[in-house]
Each structure stands twice: as C-alpha cells, then as structure tokens.
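A short worksheet on the structure shown next.
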Amino acid sequence: MDNFIQFSVSDLAAITNHRSGEVKFGERIITIPNDTPALDFISKSDAPFVLFGIPEDVGVKANFGRVGTASAYFSAIKSLANIQHNKFCKGSKIILLGHLDVEKQMKKASLLMANDKEDRKELFKLVEQIDKEVSHLVCAIVKLGKIPIIIGGGHNNAYGNIKGLALGKGKMVNAVNFDAHTDFRIMEGRHSGNGFTYAFEEHFLKKYFVFGLHEGFVSKSVFNTIKSIPETINYNTYEEIEVRKEKDFDTELNVALDYIKNEPFGIELDLDAIPGVYSSAMTNSGFGVDKARQFVHHFGKHKNASYLHICEGAPDLDHSNNNHLTGKLIAYLITDFMKSKTL
Ligand SMILES: N=CN[C@@H](CCC(=O)O)C(=O)O
C-alpha cells in the first residue's frame, strides 16, 4: 500500500507495558508481517476490525481551527495496547494496520496561514489529497468484509470514510454523528467543517443524523438547509435532551437508529462534543463520556454499522501531566465498539 506506514510487531511491543500474570491487548493485537502484502493478509485473517490512524490537522487548520489532532492516533494506540485482553474484549479481534503517511501534507500546511486567501486554497488542496487516501483505504478494507476503525485527525475525514464505504458497498450509505456541530458548512473548499456536505452533494451520503448538536454553534443558514432536505438530514440537540428535557436520550438513540439503519452506515464521533476533551472546538458543556460510550454501543451493535471514526481529539493542546487521557478515552470507545459486535 502506498502512502502508508505499517505498524510492526516491534512497534507494538515498544508501547506495551508487560506485567507477569497479565495479558495486554498489545500482546494479542494483530500486525501485518513485513513480508506479506497487507490486503492479502487482512483478507485471510479472522479478525473483524482493522484500525488505522490519520495523524493530520490540515482540515482543522483550513477550517480556522486550532491544530493538534495529529497526535490523537499515537496517544490512542498507546492506551489501547495496555488494555487487558480478557473475556470482555480480545486484542486478537483487531488488526492494527498503521497510519496514513500525511507528513508531506502536514509539512506544507505548517507553512500556510488559513487567514490568507491563497494559502487557504492550498490547504483545501492538501485536504483533498488526504481525502483520496482515506477513501481508498476505507473502500479496500470494506471490500474485504472488514470493519474499519479510523482514528483522526480532523472531522474532514468523514468525507473520505463515507465515500470509501459507499464505493466499497457499491451504493449510497448513511451516517450518524455524535457532534456539537453539523459539519454541513458550505462547499467553499475542503476542510473539517464540511465533510458531510461534500459527501451528500457527491451522492455518497444518503441519510445523515446529527446526534446532540449544540444549538448555539449551528448557523441559521445551515438550519435552513437541513429544513429543506428532511429526507436526508435529521438531528436532535443537546439542549432538547439534557437541558430542557423535551426529549429522552434513550428514545432518541432509537429515533436516530431508525432514521439510518436501512443502509450500511458509518458511526462518526467528534470528541469536541464531550466536555473537557482537548480539541480545536473544546467545550465545557455537552454529553459526558458515558453517554458517548452508550452512543457507540447502541449504534455499533446494529448489523449495518460499518465503520467507527473517532476524530478531533487533540492531546497536543493538553499541556497538563494528564495528556494521556484523550488516548485513554479513545481506547474506551474503540473497545465499546468491539464489544457491541461481540457481547
Ligand atoms: N469539525 C468541526 N467543525 C466545527 C468546529 C470548528 C472549530 O471551532 O474548530 C465547525 O466547523 O463548526
């Protein structure tokens, strides 16, 4: 595979803290042997999940955001490797593929300023290059009958995920998104705020449900767009559920599932919806970690749930001595997803 850096068995050993009498995920997670073509190996493996990372923040920068999402993948796999392999969840169910090589795009982006009109156009182009790689890889994994787990990166990668799933399945697909924002901004060039718009306009996305959006962070024009295409987008808000108690969380999980469940669908989870998690649009109000975990479990257990994407986490923005917590949260969410398919 081009533009890809595989994770090796020795990389895995280096991040696993071994303890006698215990078996950690890192001792059981599957990596691709050096001498074997990755896709051949995946097709022959019994493991249902294939995990890869997208260590970029080009899409966030192009959306005028604060960079830092590039570090989430490495933080996540460090935590994942040290989860206990036991009767609840087994490391051997997951192939840790590695990460997209986005170094070239990251280097170019570091020299560009989002506030400069011409520079921003260059950032859009860099995001498009990443889009191509993401959709290609997701499509290849889906075609092998496996379930991708994608660790971003910015939410721009929703576009590549949806496109890859649609191409892999040969039809339009659906998505559910746990997010404070719709990411349905205008098509001004690719960035982290319009992945779903592009996926919809290019006929990869059929139906889209945004779960728990924050009313104060969606523009009137986006609400008008949503209103004009009710058969395509539906949503509930965090305030309806948790502040005004007009809607019930568990009932809404089912409303959302009913909306998207008839086609293969992607599960998107933007960590900027969860209070206290470091991200470009970090929040101090929103559904807590346990609600996010329930969300992943609820949608993950449906047979049409076809990928999990966790994005926008930015451990690099956390200067405390607890900056491993973003990775730890991602590891919880990954294992909740794995368990939803097996328990
Ligand atoms: N993917 C997130 N997009 C959000 C937040 C952007 C930010 O503030 O960094 C949006 O465009 O509204």
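Letters A, B, ... go to the chains of the structure tokens in the order shown; residues in each chain start at 1; ligands are counted from 1 in the same order.
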Inset, instruction - Pick out each residue of stretch 124-342 of chain A that DSSP on the backbone tags as alpha helix (DSSP H); I need them as a ChimeraX atom specification. - result: /A:124-143,157-169,195-201,220-228,238,249-260,289-300,325-342
Inset, instruction - Find the residues near ligand 1. Use a cut-off of 10 Å, count only C-alpha atoms and all ligand atoms, and write them as a PyMOL selection string. - result: chain A and resi 59-67+153-158+179-185+191-195+217-219+270-273+279-283+311-312
Inset, instruction - Taking the DSSP assignment computed from this structure's backbone, write out as a count of residues only all residues of stretch 151-325 of chain A that belong to strand (DSSP E). - result: 34
Could you name the residues that touch stretch 318-326 of chain A at 8 Å or less, counting only C-alpha atoms, but leaving out those on the same chain fewer than 3 positions away, as a short mmCIF file (atom, residue, chain, number, x, y, z; two decimals) with N, CA and C atoms, in the first residue's frame?
data_model
loop_
_atom_site.label_atom_id
_atom_site.label_comp_id
_atom_site.auth_asym_id
_atom_site.auth_seq_id
_atom_site.Cartn_x
_atom_site.Cartn_y
_atom_site.Cartn_z
N ALA A 72 -3.61 12.46 18.11
CA ALA A 72 -4.60 11.59 18.78
C ALA A 72 -4.36 10.10 18.51
N SER A 75 -1.51 8.64 20.64
CA SER A 75 -1.95 8.59 22.03
C SER A 75 -2.94 7.44 22.23
N ALA A 76 -3.83 7.25 21.24
CA ALA A 76 -4.86 6.20 21.35
C ALA A 76 -4.24 4.80 21.33
N SER A 79 -2.67 3.73 24.60
CA SER A 79 -3.65 3.29 25.60
C SER A 79 -4.26 1.96 25.23
N VAL A 277 -12.65 17.41 26.88
CA VAL A 277 -11.73 16.70 25.99
C VAL A 277 -11.04 17.75 25.11
N TYR A 278 -9.72 17.71 25.08
CA TYR A 278 -8.97 18.71 24.32
C TYR A 278 -9.21 18.55 22.81
N GLY A 313 -9.93 14.79 18.53
CA GLY A 313 -9.20 14.79 19.79
C GLY A 313 -7.81 15.40 19.55
N ALA A 314 -7.36 16.25 20.46
CA ALA A 314 -6.08 16.94 20.25
C ALA A 314 -5.25 16.92 21.52
N PRO A 315 -4.64 15.76 21.85
CA PRO A 315 -3.83 15.68 23.06
C PRO A 315 -2.72 16.73 23.09
N LEU A 329 -9.52 7.74 26.52
CA LEU A 329 -10.94 7.82 26.14
C LEU A 329 -11.17 7.14 24.79
N ILE A 330 -10.28 7.40 23.84
CA ILE A 330 -10.43 6.77 22.51
C ILE A 330 -10.36 5.25 22.64
#
Inset, instruction - Excluding stretch 259-268 of chain A and residues on its chain fewer than 4 positions from it, collect all residues at most 10 Å away from it, counting only C-alpha atoms, and give them as a PyMOL selection string. - result: chain A and resi 147-150+155+157-158+161-162+165-166+169+171-179+205-211+231-235+254-255+295-296+299-300+302-311+337
What does the file look like for those residues with N, CA and C atoms, as a compact mmCIF listing (two decimals), in the first residue's frame?
# COMPACT_ATOMS: atom_id res chain seq x y z
N ILE A 147 -14.33 -4.35 9.16
CA ILE A 147 -14.91 -3.12 9.71
C ILE A 147 -13.79 -2.16 10.08
N PRO A 148 -13.68 -1.04 9.36
CA PRO A 148 -12.61 -0.08 9.70
C PRO A 148 -12.90 0.66 11.01
N ILE A 149 -11.84 0.86 11.79
CA ILE A 149 -11.89 1.78 12.94
C ILE A 149 -10.84 2.84 12.62
N ILE A 150 -11.31 4.07 12.48
CA ILE A 150 -10.44 5.13 11.98
C ILE A 150 -10.22 6.15 13.10
N HIS A 155 -12.33 16.31 11.47
CA HIS A 155 -13.59 15.72 11.01
C HIS A 155 -13.76 15.82 9.51
N ASN A 157 -12.18 14.08 7.66
CA ASN A 157 -12.04 12.70 7.20
C ASN A 157 -13.35 11.94 7.14
N ALA A 158 -14.44 12.52 7.66
CA ALA A 158 -15.76 11.90 7.49
C ALA A 158 -16.06 11.72 6.00
N ASN A 161 -14.24 8.71 4.64
CA ASN A 161 -14.83 7.49 5.22
C ASN A 161 -16.14 7.14 4.52
N ILE A 162 -17.00 8.15 4.36
CA ILE A 162 -18.33 7.90 3.75
C ILE A 162 -18.16 7.49 2.29
N LEU A 165 -16.78 3.96 2.17
CA LEU A 165 -17.82 2.96 2.49
C LEU A 165 -18.77 2.81 1.31
N ALA A 166 -19.19 3.93 0.71
CA ALA A 166 -20.13 3.88 -0.41
C ALA A 166 -19.50 3.13 -1.60
N LYS A 169 -19.29 -0.59 -0.82
CA LYS A 169 -20.60 -1.28 -0.84
C LYS A 169 -21.30 -1.14 -2.19
N LYS A 171 -22.96 1.49 -3.27
CA LYS A 171 -24.22 2.25 -3.18
C LYS A 171 -24.06 3.39 -2.17
N MET A 172 -25.06 4.29 -2.17
CA MET A 172 -25.04 5.38 -1.20
C MET A 172 -25.22 4.81 0.21
N VAL A 173 -24.62 5.46 1.19
CA VAL A 173 -24.67 4.95 2.56
C VAL A 173 -25.15 6.06 3.50
N ASN A 174 -25.38 5.68 4.75
CA ASN A 174 -25.86 6.62 5.77
C ASN A 174 -24.78 6.89 6.81
N ALA A 175 -25.04 7.89 7.65
CA ALA A 175 -24.10 8.18 8.75
C ALA A 175 -24.84 8.74 9.95
N VAL A 176 -24.34 8.41 11.13
CA VAL A 176 -24.83 9.04 12.36
C VAL A 176 -23.62 9.70 13.01
N ASN A 177 -23.82 10.90 13.53
CA ASN A 177 -22.68 11.69 14.01
C ASN A 177 -22.98 12.26 15.39
N PHE A 178 -22.20 11.86 16.38
CA PHE A 178 -22.27 12.41 17.74
C PHE A 178 -21.40 13.67 17.72
N ASP A 179 -22.04 14.83 17.73
CA ASP A 179 -21.26 16.04 17.45
C ASP A 179 -21.97 17.28 17.96
N LEU A 205 -23.49 10.08 0.38
CA LEU A 205 -24.26 10.07 1.63
C LEU A 205 -25.75 10.19 1.32
N LYS A 206 -26.51 9.21 1.84
CA LYS A 206 -27.95 9.22 1.58
C LYS A 206 -28.70 9.87 2.74
N LYS A 207 -28.50 9.33 3.95
CA LYS A 207 -29.20 9.88 5.12
C LYS A 207 -28.20 10.13 6.25
N TYR A 208 -28.42 11.25 6.92
CA TYR A 208 -27.44 11.69 7.92
C TYR A 208 -28.18 12.18 9.16
N PHE A 209 -27.84 11.59 10.32
CA PHE A 209 -28.44 12.04 11.58
C PHE A 209 -27.34 12.64 12.47
N VAL A 210 -27.55 13.88 12.91
CA VAL A 210 -26.61 14.51 13.86
C VAL A 210 -27.20 14.39 15.25
N PHE A 211 -26.45 13.75 16.14
CA PHE A 211 -26.97 13.46 17.48
C PHE A 211 -26.39 14.45 18.49
N GLU A 231 -35.62 14.58 4.25
CA GLU A 231 -35.44 13.14 3.95
C GLU A 231 -33.96 12.76 3.99
N THR A 232 -33.08 13.76 4.06
CA THR A 232 -31.64 13.49 4.04
C THR A 232 -30.97 13.75 5.39
N ILE A 233 -31.36 14.84 6.06
CA ILE A 233 -30.73 15.14 7.35
C ILE A 233 -31.78 15.26 8.43
N ASN A 234 -31.47 14.66 9.56
CA ASN A 234 -32.30 14.82 10.75
C ASN A 234 -31.36 15.04 11.94
N TYR A 235 -31.86 15.56 13.01
CA TYR A 235 -30.98 15.84 14.15
C TYR A 235 -31.81 15.97 15.42
N ASN A 254 -32.90 5.52 19.61
CA ASN A 254 -33.70 4.69 18.70
C ASN A 254 -34.25 5.47 17.52
N VAL A 255 -34.64 6.74 17.77
CA VAL A 255 -35.13 7.59 16.67
C VAL A 255 -34.01 7.71 15.61
N PHE A 295 -23.67 5.71 23.22
CA PHE A 295 -23.94 6.00 21.80
C PHE A 295 -23.21 4.99 20.91
N VAL A 296 -21.92 4.80 21.17
CA VAL A 296 -21.13 3.88 20.35
C VAL A 296 -21.67 2.46 20.46
N PHE A 299 -25.26 2.08 18.50
CA PHE A 299 -25.19 2.02 17.04
C PHE A 299 -24.29 0.88 16.58
N GLY A 300 -23.22 0.63 17.32
CA GLY A 300 -22.26 -0.41 16.92
C GLY A 300 -22.90 -1.77 16.82
N HIS A 302 -25.71 -2.69 15.75
CA HIS A 302 -26.57 -2.95 14.59
C HIS A 302 -25.74 -3.55 13.46
N LYS A 303 -26.34 -4.51 12.75
CA LYS A 303 -25.59 -5.22 11.70
C LYS A 303 -25.12 -4.29 10.58
N ASN A 304 -25.79 -3.18 10.36
CA ASN A 304 -25.38 -2.26 9.28
C ASN A 304 -24.31 -1.26 9.71
N ALA A 305 -23.92 -1.28 10.98
CA ALA A 305 -22.85 -0.38 11.43
C ALA A 305 -21.54 -0.82 10.78
N SER A 306 -20.98 0.02 9.91
CA SER A 306 -19.91 -0.46 9.02
C SER A 306 -18.54 0.15 9.28
N TYR A 307 -18.48 1.23 10.04
CA TYR A 307 -17.18 1.72 10.49
C TYR A 307 -17.38 2.60 11.72
N LEU A 308 -16.29 2.82 12.45
CA LEU A 308 -16.27 3.78 13.56
C LEU A 308 -15.16 4.79 13.28
N HIS A 309 -15.51 6.07 13.37
CA HIS A 309 -14.49 7.12 13.21
C HIS A 309 -14.52 8.02 14.44
N ILE A 310 -13.39 8.10 15.13
CA ILE A 310 -13.27 8.98 16.31
C ILE A 310 -12.29 10.09 15.92
N CYS A 311 -12.75 11.33 16.03
CA CYS A 311 -11.92 12.41 15.50
C CYS A 311 -11.90 13.65 16.40
N PHE A 337 -16.99 -0.29 20.96
CA PHE A 337 -17.44 -0.65 19.61
C PHE A 337 -17.20 -2.15 19.36
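Nearest-residue note for A:Pro48: choosing from A:Asn34, A:Thr16, A:Ser92, A:Ser340, the minimum distance belongs to A:Ser92, counting only C-alpha atoms.
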Legend entry - Between atom CA of A:Lys143 and atom CA of A:Ile94, distance in Å (one decimal):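 Computed distance, atom CA of A:Lys143 to atom CA of A:Ile94, equals 16.8 Å.
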Legend entry - stretch 41-44 of chain A surroundings by only C-alpha atoms, 9 Å radius, close-in-sequence under 5 positions cut, as a PyMOL selection string: chain A and resi 32-33+36+50+95+141+144-146
Take the residues from that selection and put them in a file with N, CA and C atoms, as a compact mmCIF listing (two decimals), in the first residue's frame.
# COMPACT_ATOMS: atom_id res chain seq x y z
N ILE A 32 0.64 -6.57 10.63
CA ILE A 32 0.91 -7.20 9.34
C ILE A 32 2.39 -7.56 9.26
N PRO A 33 2.71 -8.84 9.00
CA PRO A 33 4.13 -9.20 8.87
C PRO A 33 4.77 -8.44 7.70
N THR A 36 4.49 -9.69 3.98
CA THR A 36 3.18 -10.07 3.43
C THR A 36 2.42 -8.83 2.95
N VAL A 50 -10.28 -3.58 11.51
CA VAL A 50 -8.98 -3.09 11.01
C VAL A 50 -8.85 -1.62 11.42
N ILE A 95 -6.90 -5.87 13.82
CA ILE A 95 -5.64 -5.74 13.08
C ILE A 95 -5.25 -4.26 13.16
N ILE A 141 -10.69 -1.85 2.72
CA ILE A 141 -10.98 -2.64 3.94
C ILE A 141 -12.41 -3.17 3.89
N LEU A 144 -13.02 -6.11 1.70
CA LEU A 144 -12.54 -7.38 2.25
C LEU A 144 -13.49 -7.91 3.34
N GLY A 145 -14.60 -7.22 3.55
CA GLY A 145 -15.59 -7.67 4.53
C GLY A 145 -15.22 -7.31 5.96
N LYS A 146 -14.29 -6.38 6.13
CA LYS A 146 -13.84 -5.99 7.47
C LYS A 146 -14.45 -4.65 7.88
Legend entry - Computed interatomic separation between atom CA of A:Thr197 and atom CA of A:Ala109 (Å): 22.9 Å
Inset, instruction - Could you tell me how far atom CA of A:Gly21 lies from atom CA of A:Thr342, in Å and to one decimal? - result: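 Interatomic distance here is 25.1 Å.
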Inset, instruction - Return the single residue from A:Ser221, A:Ser285, A:Ser8, A:Thr69 that is closest to A:Thr31, with distances computed using only C-alpha atoms. - result: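 Smallest distance to A:Thr31 is found for A:Ser8.
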Legend entry - Nearby residues (only C-alpha atoms) at most 9 Å from A:Ala140, same-chain spacing under 3 positions excluded, as an MDAnalysis selection string: chainID A and resid 39 135:137 143:144 164 168
If you keep N, CA and C atoms, can you produce a file of those selected residues as a tab-separated table (two decimals), in the first residue's frame?
chain	number	residue	atom	x	y	z
A	39	LEU	N	-3.16	-6.22	2.21
A	39	LEU	CA	-4.55	-6.58	1.90
A	39	LEU	C	-4.74	-8.09	1.83
A	135	SER	N	-10.40	7.59	1.47
A	135	SER	CA	-11.49	6.85	0.80
A	135	SER	C	-10.97	5.56	0.18
A	136	HIS	N	-9.76	5.63	-0.38
A	136	HIS	CA	-9.16	4.44	-1.00
A	136	HIS	C	-8.98	3.32	0.05
A	137	LEU	N	-8.46	3.70	1.19
A	137	LEU	CA	-8.18	2.69	2.22
A	137	LEU	C	-9.47	2.14	2.84
A	143	LYS	N	-14.26	-3.71	1.28
A	143	LYS	CA	-14.39	-4.74	0.23
A	143	LYS	C	-13.91	-6.11	0.71
A	144	LEU	N	-13.02	-6.11	1.70
A	144	LEU	CA	-12.54	-7.38	2.25
A	144	LEU	C	-13.49	-7.91	3.34
A	164	GLY	N	-15.50	6.12	0.92
A	164	GLY	CA	-14.89	4.78	0.90
A	164	GLY	C	-15.91	3.70	1.18
A	168	GLY	N	-17.08	0.96	-1.45
A	168	GLY	CA	-16.89	-0.45	-1.04
A	168	GLY	C	-18.18	-1.24	-1.13
